[in-house]
Amino acid sequence: MSNYFRKPADEVIKALGVSDKGLTSTEVDKRREQYGFNELQEGKRKSTLQVFLEQFKDFLVIILLVAAIISAFLGELESTIVIMVVVILNAILGTVQHVKAEQSLNSLKALSSPTAKVVRDGMMVEISSREVMVGDILTLDAGDFVPADGRILENHSLQVNESSLTGESLAVVKETVAIDREDVSIGDKKNMVFSGSFITNGRGIAVITDIGMKTEIGKIANLLGSAQEKKTPLQVTLDHFGKKLAIIIIIIALMIFGIDIFRGREIGDSFMFAVSLAVAAIPEALSSIVTIVLAFGTQKMAKENAIMRKLHAVESLGSISVICSDKTGTLTQNKMTVQQLYVDQKVIPHDQLNKENALEKNLLLMALLCNDSVTMDKKEIGDPTEVALTNLGEEYGLDELVIREQYGRIGEIPFDSDRKLMSTVNRIDDKCMMITKGALDVLLSRVKKIETSEGVLDFTEKHRKEIVAINKKFSVQGLRVLGFAYKEVSEGQSVDVEDEYDLIFVGLTAMMDPPRAESKTAVENCISAGIKPVMITGDHKITASEIAKQIGILKDETEAIEGVEIEKLSDAELKDKVADISVYARVSPEHKIRIVRAWQEKGNIVAMTGDGVNDGPALKQADIGIAMGITGTEVAKDASAMILTDDNFSTIVKAVSNGRSIYANINNSIRFLLAGNTAGILSVLYASILALPVPFAPVHLLFINLLTDSLPAIALGLEPHNKNIMNEKPRNIQEPLLNKKFAALVGIGGLLIAISTLLAFHIGLKTGDEVVASTMAFATLCLARLFHGFNVRAKQSILQIGVFSNKYLWFSVIGGIILLQIVLLVPSLMGIFEVTPLTLTQFGWIYGLALMPLLVSQIYKLLFIK
């Protein structure tokens, strides 16, 4: 890391081997060989084909492919086609998402200035920013983008917006003096300019010190490449679940194969039936159901101002236990606003000024006259602090353009970062008044008198101490303070900096970028949902802490630290300390990644919000990165999983609630699928052990899969939002999907359905016709599985949550019943599906037994679950 900020300007010039005439063409060629071009480099990227093939590495996908091959071998082409369509569709979706997600470096490149003005061979020339070289003498004017990092040599009121790098909303006032410290954050390197920043005011000259990947933006590009995207909790859970499920199904299939052989069945038939059962037991629609449910979830969230860029990240929202939020533009309004004023020895809230009071009105007029900003057609032009003063005037019906025309400006002394003052001369009541505003410490050293309600008095030490105390009070509150003073000058006098003395003090304005109105409620909702909100910002510690206190993130000052303190901590020390810190100030992109990783290593699912270039690496590292849609840079958006179209922190809380509901619905869908499959396996296992006829033909298993493993499961995934879900704590990601509680619910549901199915099977066997028994078992299993969908909708009874609140489930159940009836009643289909005509009494038994698991479950829920 270069330390040019620590050296005087002349030493920097000498160290870089350049003169005030700039580089010669020969020197540029030599340096090009050493440093290369001023551009960001990309690592080798995977081809689209590689990305596509990697989608098939998932264990559940491998199991499904094996199932497809076996299905084809058994002649069940319909099942093979369904499985392959699902697998290929998922692979295509995954590939598209991956390609879209890898655009961060391109967006970083777009930040570079297209041209730059440099001195070459003693002449000013305009070149492509790609051609800029270390040692180039760069000219900067208001409106320019900075093409590379550089040390400022000359400064004429230079102000630079570095918010995309530091997260700080205010333009940085630059200077030329060396900084005699090593541990200085980007935001405090005031004698440097950085690639991708924007000149808002003044002009200056700088010498280029770093280009391309060596710039601060280049370092961020490197971080984006090294930051690893993590699998979502659901993806991890399904991976583990798929492996366990495959092992269980294989063991059961082998058991049934062994029992059949033991019972004297032919090896070929036994093998084919065991394989058929294994294929039927695999919920091949699981991947597509998860994808469809997530897709519907993203559509709903988009209507609520949260756009999901990565489908599987929807579910991660529901597992979030920590939200690391940027301050500027996320928790705050990203707009400087006057909060309080000090005039006539009293502090006045910004909305309680009295225009009838001469002193208060005088301060308001001075704030508009000693000011170059303009608000026109809802567009704000100028320095944010000056815009804040203009907006204050508008609060009281004062138009800055009208006021400035009424009290014409006849002279001015522009703001200068060295003297930290600005003055204008205006004609007020036939007098020439010089109005001066600026940093209070400088202004007070030039004040001779003070304006009070008792008249203009001599400025005493008592006055000074009182104003300094007020300024300290404002500073502790994170407010930025400007002082105002004036004096009368002679008609036609040409003023300069020597005239900014013997001033009459008028008052102070104190401003800040205030919190969004809804931020406090959103933070409260996060805390009640078991989510820890953390502020990470490039702003100063005092300002950040005050905002954090106002919205409820910070309770104690010890919970706030700065980037320089993080620098001194090892990763292990940061991990131990991270849970006790709520506010991080003056941080760099590297710090943000370390903070996110520390939380992740403690087993947390971390969300990171942000809008700047500096947020990009941490957004990518986080389990779910959340970018701002309005103020966010393209880099932040490309690195994120979710984009807030309203830049509203409270939208995250809604998204978390949706994420939790989506996971609960997916969980219910999987439970529904497994309970049905378990019922089928138990029925077959029972018949095999007791040497009974096989209760199902292979075509029955295929039909049941097609009928109950698709639409009803998807309908359960679309269950309406549970209003109580945000009262629960975040889900423990370490806990597997197939845990004891989940397995018990699946087992009980499957057992109830199996009992009904086997009762129907035995009733059919009493007729002496095995086909009747098989038909009754098939129909009962099919209907009982459909009805079981109502049982898994929620913990409570359907009477408590609303019988008809999930219309999709009703449509799928009714549709399933109609299709089953067609198979059972249409003669031409009976042969295909290996069923036989049934009597009215037998139909009664089928429907009665199929409803039994639903009734038992609902009665239990009504009696024991509230």
# chains A, B, ... in the order shown; residues from 1 in each chain; ligands from 1
$ residues_around --residues "segment 488-504 of chain A" --least-positions-apart "5" --cutoff "6 Å" --atoms "only C-alpha atoms" --output "PyMOL selection string"
chain A and resi 432-433+446-450
$ write_last_selection --atoms "N, CA, C and O atoms" --output "PDB file, in the first residue's frame"
ATOM      1  N   CYS A 432     -24.178  47.851   2.467  1.00  0.00           N
ATOM      2  CA  CYS A 432     -23.405  46.725   1.938  1.00  0.00           C
ATOM      3  C   CYS A 432     -22.961  45.856   3.108  1.00  0.00           C
ATOM      4  O   CYS A 432     -22.155  46.304   3.940  1.00  0.00           O
ATOM      5  N   MET A 433     -23.520  44.650   3.173  1.00  0.00           N
ATOM      6  CA  MET A 433     -23.233  43.739   4.282  1.00  0.00           C
ATOM      7  C   MET A 433     -22.433  42.529   3.787  1.00  0.00           C
ATOM      8  O   MET A 433     -22.829  41.872   2.824  1.00  0.00           O
ATOM      9  N   ARG A 446     -12.412  35.365  14.651  1.00  0.00           N
ATOM     10  CA  ARG A 446     -12.512  36.602  13.877  1.00  0.00           C
ATOM     11  C   ARG A 446     -13.685  37.475  14.321  1.00  0.00           C
ATOM     12  O   ARG A 446     -13.987  38.484  13.706  1.00  0.00           O
ATOM     13  N   VAL A 447     -14.403  37.032  15.373  1.00  0.00           N
ATOM     14  CA  VAL A 447     -15.576  37.761  15.852  1.00  0.00           C
ATOM     15  C   VAL A 447     -15.173  38.809  16.900  1.00  0.00           C
ATOM     16  O   VAL A 447     -14.361  38.547  17.789  1.00  0.00           O
ATOM     17  N   LYS A 448     -15.802  40.003  16.777  1.00  0.00           N
ATOM     18  CA  LYS A 448     -15.530  41.094  17.732  1.00  0.00           C
ATOM     19  C   LYS A 448     -16.766  41.444  18.537  1.00  0.00           C
ATOM     20  O   LYS A 448     -16.683  41.881  19.682  1.00  0.00           O
ATOM     21  N   LYS A 449     -17.947  41.243  17.932  1.00  0.00           N
ATOM     22  CA  LYS A 449     -19.201  41.568  18.598  1.00  0.00           C
ATOM     23  C   LYS A 449     -20.213  40.440  18.394  1.00  0.00           C
ATOM     24  O   LYS A 449     -20.002  39.543  17.587  1.00  0.00           O
ATOM     25  N   ILE A 450     -21.332  40.536  19.118  1.00  0.00           N
ATOM     26  CA  ILE A 450     -22.388  39.537  19.004  1.00  0.00           C
ATOM     27  C   ILE A 450     -23.740  40.228  18.970  1.00  0.00           C
ATOM     28  O   ILE A 450     -23.974  41.204  19.696  1.00  0.00           O
TER      29      ILE A 450
END
$ select_by_dssp --residues "segment 622-812 of chain A" --states "alpha helix (DSSP H)" --output "number ranges by chain"
A: 634-639, 649-689, 698-708, 711-717, 740-765, 770-791, 798-801, 807-812
$ residues_around --residues "Gly816 of chain A" --least-positions-apart "2" --cutoff "10 Å" --atoms "only C-alpha atoms" --output "MDAnalysis selection string"
chainID A and resid 704 706:708 711:712 782:783 786 810:814 818:822
$ residues_around --residues "segment 406-417 of chain A" --least-positions-apart "3" --cutoff "7 Å" --atoms "only C-alpha atoms" --output "VMD selection string"
chain A and resid 156 to 157 173 to 175 402 to 403 420 to 428 496 to 497
$ residues_around --residues "Thr26 of chain A" --least-positions-apart "6" --cutoff "12 Å" --atoms "only C-alpha atoms" --output "list in words"
Arg32, Glu33, Arg120 and Asp121 of chain A
$ atom_distance --atom1 "atom CA of Leu692 of chain A" --atom2 "atom CA of Ala760 of chain A"
13.8 Å
$ closest_residue --among "A:Glu360, A:Asp136, A:Glu559, A:Glu394" --to "Asp344 of chain A" --atoms "only C-alpha atoms"
A:Glu360
$ closest_residue --among "A:Lys300, A:Arg309, A:Lys741, A:Lys117" --to "Gly625 of chain A" --atoms "only C-alpha atoms"
A:Arg309
$ closest_residue --among "A:Ile292, A:Ala485, A:Cys324, A:Ala743" --to "Leu365 of chain A" --atoms "only C-alpha atoms"
A:Ala485
$ closest_residue --among "A:Asp646, A:Asp623, A:Glu524, A:Asp29" --to "Ala607 of chain A" --atoms "only C-alpha atoms"
A:Asp623
$ residues_around --residues "Gly22 of chain A" --least-positions-apart "3" --cutoff "12 Å" --atoms "only C-alpha atoms" --output "compact mmCIF listing (two decimals) with all heavy atoms, in the first residue's frame"
# COMPACT_ATOMS: atom_id res chain seq x y z
N ILE A 13 6.31 14.10 -5.90
CA ILE A 13 6.73 14.35 -7.28
C ILE A 13 8.10 13.74 -7.54
O ILE A 13 8.34 13.07 -8.56
CB ILE A 13 6.76 15.88 -7.56
CG1 ILE A 13 5.35 16.45 -7.63
CG2 ILE A 13 7.53 16.19 -8.83
CD1 ILE A 13 4.61 16.10 -8.88
N LEU A 16 8.05 9.87 -7.59
CA LEU A 16 7.45 9.32 -8.81
C LEU A 16 8.26 9.65 -10.06
O LEU A 16 7.91 9.20 -11.16
CB LEU A 16 6.01 9.84 -8.96
CG LEU A 16 5.01 9.31 -7.93
CD1 LEU A 16 3.69 10.07 -8.04
CD2 LEU A 16 4.78 7.81 -8.12
N GLY A 17 9.31 10.46 -9.89
CA GLY A 17 10.20 10.76 -11.01
C GLY A 17 9.53 11.54 -12.11
O GLY A 17 9.66 11.19 -13.29
N VAL A 18 8.81 12.60 -11.75
CA VAL A 18 8.09 13.39 -12.74
C VAL A 18 8.30 14.88 -12.45
O VAL A 18 8.54 15.26 -11.30
CB VAL A 18 6.59 13.03 -12.73
CG1 VAL A 18 5.96 13.41 -11.42
CG2 VAL A 18 5.84 13.64 -13.88
N SER A 19 8.21 15.71 -13.49
CA SER A 19 8.34 17.15 -13.32
C SER A 19 6.99 17.81 -13.55
O SER A 19 6.01 17.14 -13.89
CB SER A 19 9.36 17.71 -14.32
OG SER A 19 8.84 17.63 -15.64
N SER A 25 6.50 11.15 -23.75
CA SER A 25 5.96 9.99 -24.46
C SER A 25 6.82 8.76 -24.24
O SER A 25 6.32 7.63 -24.08
CB SER A 25 5.88 10.29 -25.96
OG SER A 25 5.02 11.40 -26.19
N THR A 26 8.16 8.96 -24.19
CA THR A 26 9.09 7.85 -23.96
C THR A 26 8.87 7.26 -22.57
O THR A 26 8.84 6.03 -22.39
CB THR A 26 10.54 8.32 -24.10
OG1 THR A 26 10.71 8.93 -25.38
CG2 THR A 26 11.50 7.14 -23.95
N GLU A 27 8.71 8.16 -21.57
CA GLU A 27 8.49 7.69 -20.19
C GLU A 27 7.18 6.92 -20.07
O GLU A 27 7.09 5.92 -19.35
CB GLU A 27 8.49 8.88 -19.22
CG GLU A 27 9.86 9.48 -18.98
CD GLU A 27 9.79 10.76 -18.17
OE1 GLU A 27 8.80 11.52 -18.32
OE2 GLU A 27 10.72 11.00 -17.39
N VAL A 28 6.15 7.38 -20.77
CA VAL A 28 4.85 6.70 -20.74
C VAL A 28 4.99 5.27 -21.25
O VAL A 28 4.48 4.32 -20.65
CB VAL A 28 3.80 7.47 -21.57
CG1 VAL A 28 2.53 6.62 -21.74
CG2 VAL A 28 3.47 8.79 -20.91
N LYS A 117 -7.78 14.71 -18.20
CA LYS A 117 -6.94 15.82 -18.67
C LYS A 117 -5.60 15.74 -17.94
O LYS A 117 -5.54 15.91 -16.72
CB LYS A 117 -7.62 17.16 -18.39
CG LYS A 117 -8.90 17.38 -19.20
CD LYS A 117 -9.68 18.59 -18.74
CE LYS A 117 -10.33 18.31 -17.39
NZ LYS A 117 -11.25 19.40 -16.96
N VAL A 118 -4.54 15.46 -18.70
CA VAL A 118 -3.21 15.30 -18.10
C VAL A 118 -2.19 16.15 -18.86
O VAL A 118 -2.43 16.59 -19.99
CB VAL A 118 -2.76 13.83 -18.11
CG1 VAL A 118 -3.71 12.96 -17.29
CG2 VAL A 118 -2.65 13.29 -19.53
N VAL A 119 -1.05 16.36 -18.19
CA VAL A 119 0.05 17.09 -18.82
C VAL A 119 1.04 16.08 -19.38
O VAL A 119 1.56 15.23 -18.65
CB VAL A 119 0.76 18.01 -17.81
CG1 VAL A 119 1.95 18.71 -18.48
CG2 VAL A 119 -0.21 19.03 -17.25
N ARG A 120 1.24 16.11 -20.68
CA ARG A 120 2.21 15.24 -21.35
C ARG A 120 3.14 16.10 -22.21
O ARG A 120 2.66 16.93 -23.00
CB ARG A 120 1.50 14.22 -22.24
CG ARG A 120 0.65 13.18 -21.50
CD ARG A 120 1.44 11.93 -21.17
NE ARG A 120 0.68 10.97 -20.39
CZ ARG A 120 -0.01 9.95 -20.91
NH1 ARG A 120 -0.07 9.79 -22.22
NH2 ARG A 120 -0.63 9.11 -20.12
N ASP A 121 4.43 15.89 -22.06
CA ASP A 121 5.43 16.66 -22.84
C ASP A 121 5.20 18.16 -22.69
O ASP A 121 5.36 18.93 -23.66
CB ASP A 121 5.37 16.27 -24.32
CG ASP A 121 5.76 14.81 -24.55
OD1 ASP A 121 6.78 14.38 -23.98
OD2 ASP A 121 5.03 14.11 -25.27
N GLY A 122 4.79 18.59 -21.48
CA GLY A 122 4.62 20.00 -21.19
C GLY A 122 3.33 20.60 -21.70
O GLY A 122 3.11 21.81 -21.57
N MET A 123 2.44 19.80 -22.28
CA MET A 123 1.19 20.31 -22.83
C MET A 123 0.00 19.57 -22.22
O MET A 123 0.08 18.37 -21.93
CB MET A 123 1.16 20.14 -24.36
CG MET A 123 2.24 20.91 -25.08
SD MET A 123 2.17 20.63 -26.87
CE MET A 123 0.54 21.23 -27.26
N MET A 124 -1.11 20.31 -22.05
CA MET A 124 -2.34 19.70 -21.56
C MET A 124 -3.00 18.91 -22.68
O MET A 124 -3.24 19.44 -23.77
CB MET A 124 -3.31 20.79 -21.07
CG MET A 124 -4.66 20.26 -20.66
SD MET A 124 -4.63 19.48 -19.06
CE MET A 124 -4.42 20.92 -18.01
N VAL A 125 -3.27 17.62 -22.43
CA VAL A 125 -3.93 16.79 -23.43
C VAL A 125 -5.07 16.02 -22.77
O VAL A 125 -5.07 15.79 -21.56
CB VAL A 125 -2.94 15.79 -24.09
CG1 VAL A 125 -1.90 16.50 -24.90
CG2 VAL A 125 -2.29 14.90 -23.03
N VAL A 132 -4.24 6.56 -18.74
CA VAL A 132 -3.64 7.28 -17.62
C VAL A 132 -2.53 6.44 -17.00
O VAL A 132 -2.67 5.22 -16.85
CB VAL A 132 -4.71 7.63 -16.56
CG1 VAL A 132 -4.06 8.12 -15.27
CG2 VAL A 132 -5.66 8.68 -17.10
N MET A 133 -1.41 7.09 -16.64
CA MET A 133 -0.24 6.37 -16.15
C MET A 133 0.23 6.93 -14.81
O MET A 133 -0.01 8.10 -14.50
CB MET A 133 0.89 6.49 -17.20
CG MET A 133 2.17 5.75 -16.86
SD MET A 133 1.89 4.05 -16.32
CE MET A 133 1.06 3.37 -17.74
N VAL A 134 0.87 6.07 -14.03
CA VAL A 134 1.48 6.52 -12.77
C VAL A 134 2.47 7.63 -13.09
O VAL A 134 3.34 7.46 -13.95
CB VAL A 134 2.20 5.34 -12.07
CG1 VAL A 134 2.97 5.85 -10.85
CG2 VAL A 134 1.19 4.28 -11.65
N GLY A 135 2.33 8.76 -12.41
CA GLY A 135 3.19 9.91 -12.65
C GLY A 135 2.54 10.99 -13.49
O GLY A 135 3.06 12.11 -13.59
N ASP A 136 1.40 10.69 -14.10
CA ASP A 136 0.69 11.71 -14.88
C ASP A 136 0.24 12.85 -13.97
O ASP A 136 -0.25 12.63 -12.86
CB ASP A 136 -0.54 11.11 -15.58
CG ASP A 136 -0.24 10.66 -16.99
OD1 ASP A 136 0.61 11.30 -17.65
OD2 ASP A 136 -0.87 9.68 -17.45
N ILE A 137 0.39 14.10 -14.47
CA ILE A 137 -0.13 15.27 -13.77
C ILE A 137 -1.56 15.47 -14.26
O ILE A 137 -1.79 15.74 -15.43
CB ILE A 137 0.72 16.52 -14.05
CG1 ILE A 137 2.19 16.27 -13.68
CG2 ILE A 137 0.17 17.71 -13.28
CD1 ILE A 137 2.43 15.99 -12.22
N LEU A 138 -2.51 15.35 -13.34
CA LEU A 138 -3.93 15.34 -13.67
C LEU A 138 -4.60 16.64 -13.25
O LEU A 138 -4.42 17.11 -12.13
CB LEU A 138 -4.61 14.16 -12.95
CG LEU A 138 -6.11 13.99 -13.09
CD1 LEU A 138 -6.46 13.53 -14.50
CD2 LEU A 138 -6.62 12.98 -12.06
N THR A 139 -5.39 17.22 -14.16
CA THR A 139 -6.16 18.42 -13.84
C THR A 139 -7.60 18.02 -13.52
O THR A 139 -8.22 17.26 -14.27
CB THR A 139 -6.16 19.41 -15.02
OG1 THR A 139 -4.81 19.81 -15.29
CG2 THR A 139 -7.01 20.64 -14.71
N ILE A 205 -5.05 20.08 -8.90
CA ILE A 205 -4.08 19.32 -9.69
C ILE A 205 -3.56 18.20 -8.81
O ILE A 205 -3.26 18.38 -7.63
CB ILE A 205 -2.93 20.22 -10.17
CG1 ILE A 205 -3.46 21.29 -11.15
CG2 ILE A 205 -1.84 19.39 -10.85
CD1 ILE A 205 -2.42 22.30 -11.59
N ALA A 206 -3.46 17.00 -9.40
CA ALA A 206 -2.97 15.83 -8.65
C ALA A 206 -2.00 15.06 -9.51
O ALA A 206 -2.02 15.14 -10.74
CB ALA A 206 -4.14 14.94 -8.24
N VAL A 207 -1.14 14.29 -8.85
CA VAL A 207 -0.24 13.39 -9.57
C VAL A 207 -0.73 11.97 -9.33
O VAL A 207 -1.06 11.59 -8.21
CB VAL A 207 1.23 13.56 -9.11
CG1 VAL A 207 1.39 13.27 -7.63
CG2 VAL A 207 2.16 12.66 -9.94
N ILE A 208 -0.82 11.20 -10.40
CA ILE A 208 -1.35 9.84 -10.30
C ILE A 208 -0.34 8.94 -9.58
O ILE A 208 0.84 8.86 -9.97
CB ILE A 208 -1.65 9.26 -11.70
CG1 ILE A 208 -2.70 10.11 -12.41
CG2 ILE A 208 -2.12 7.80 -11.59
CD1 ILE A 208 -4.03 10.19 -11.70
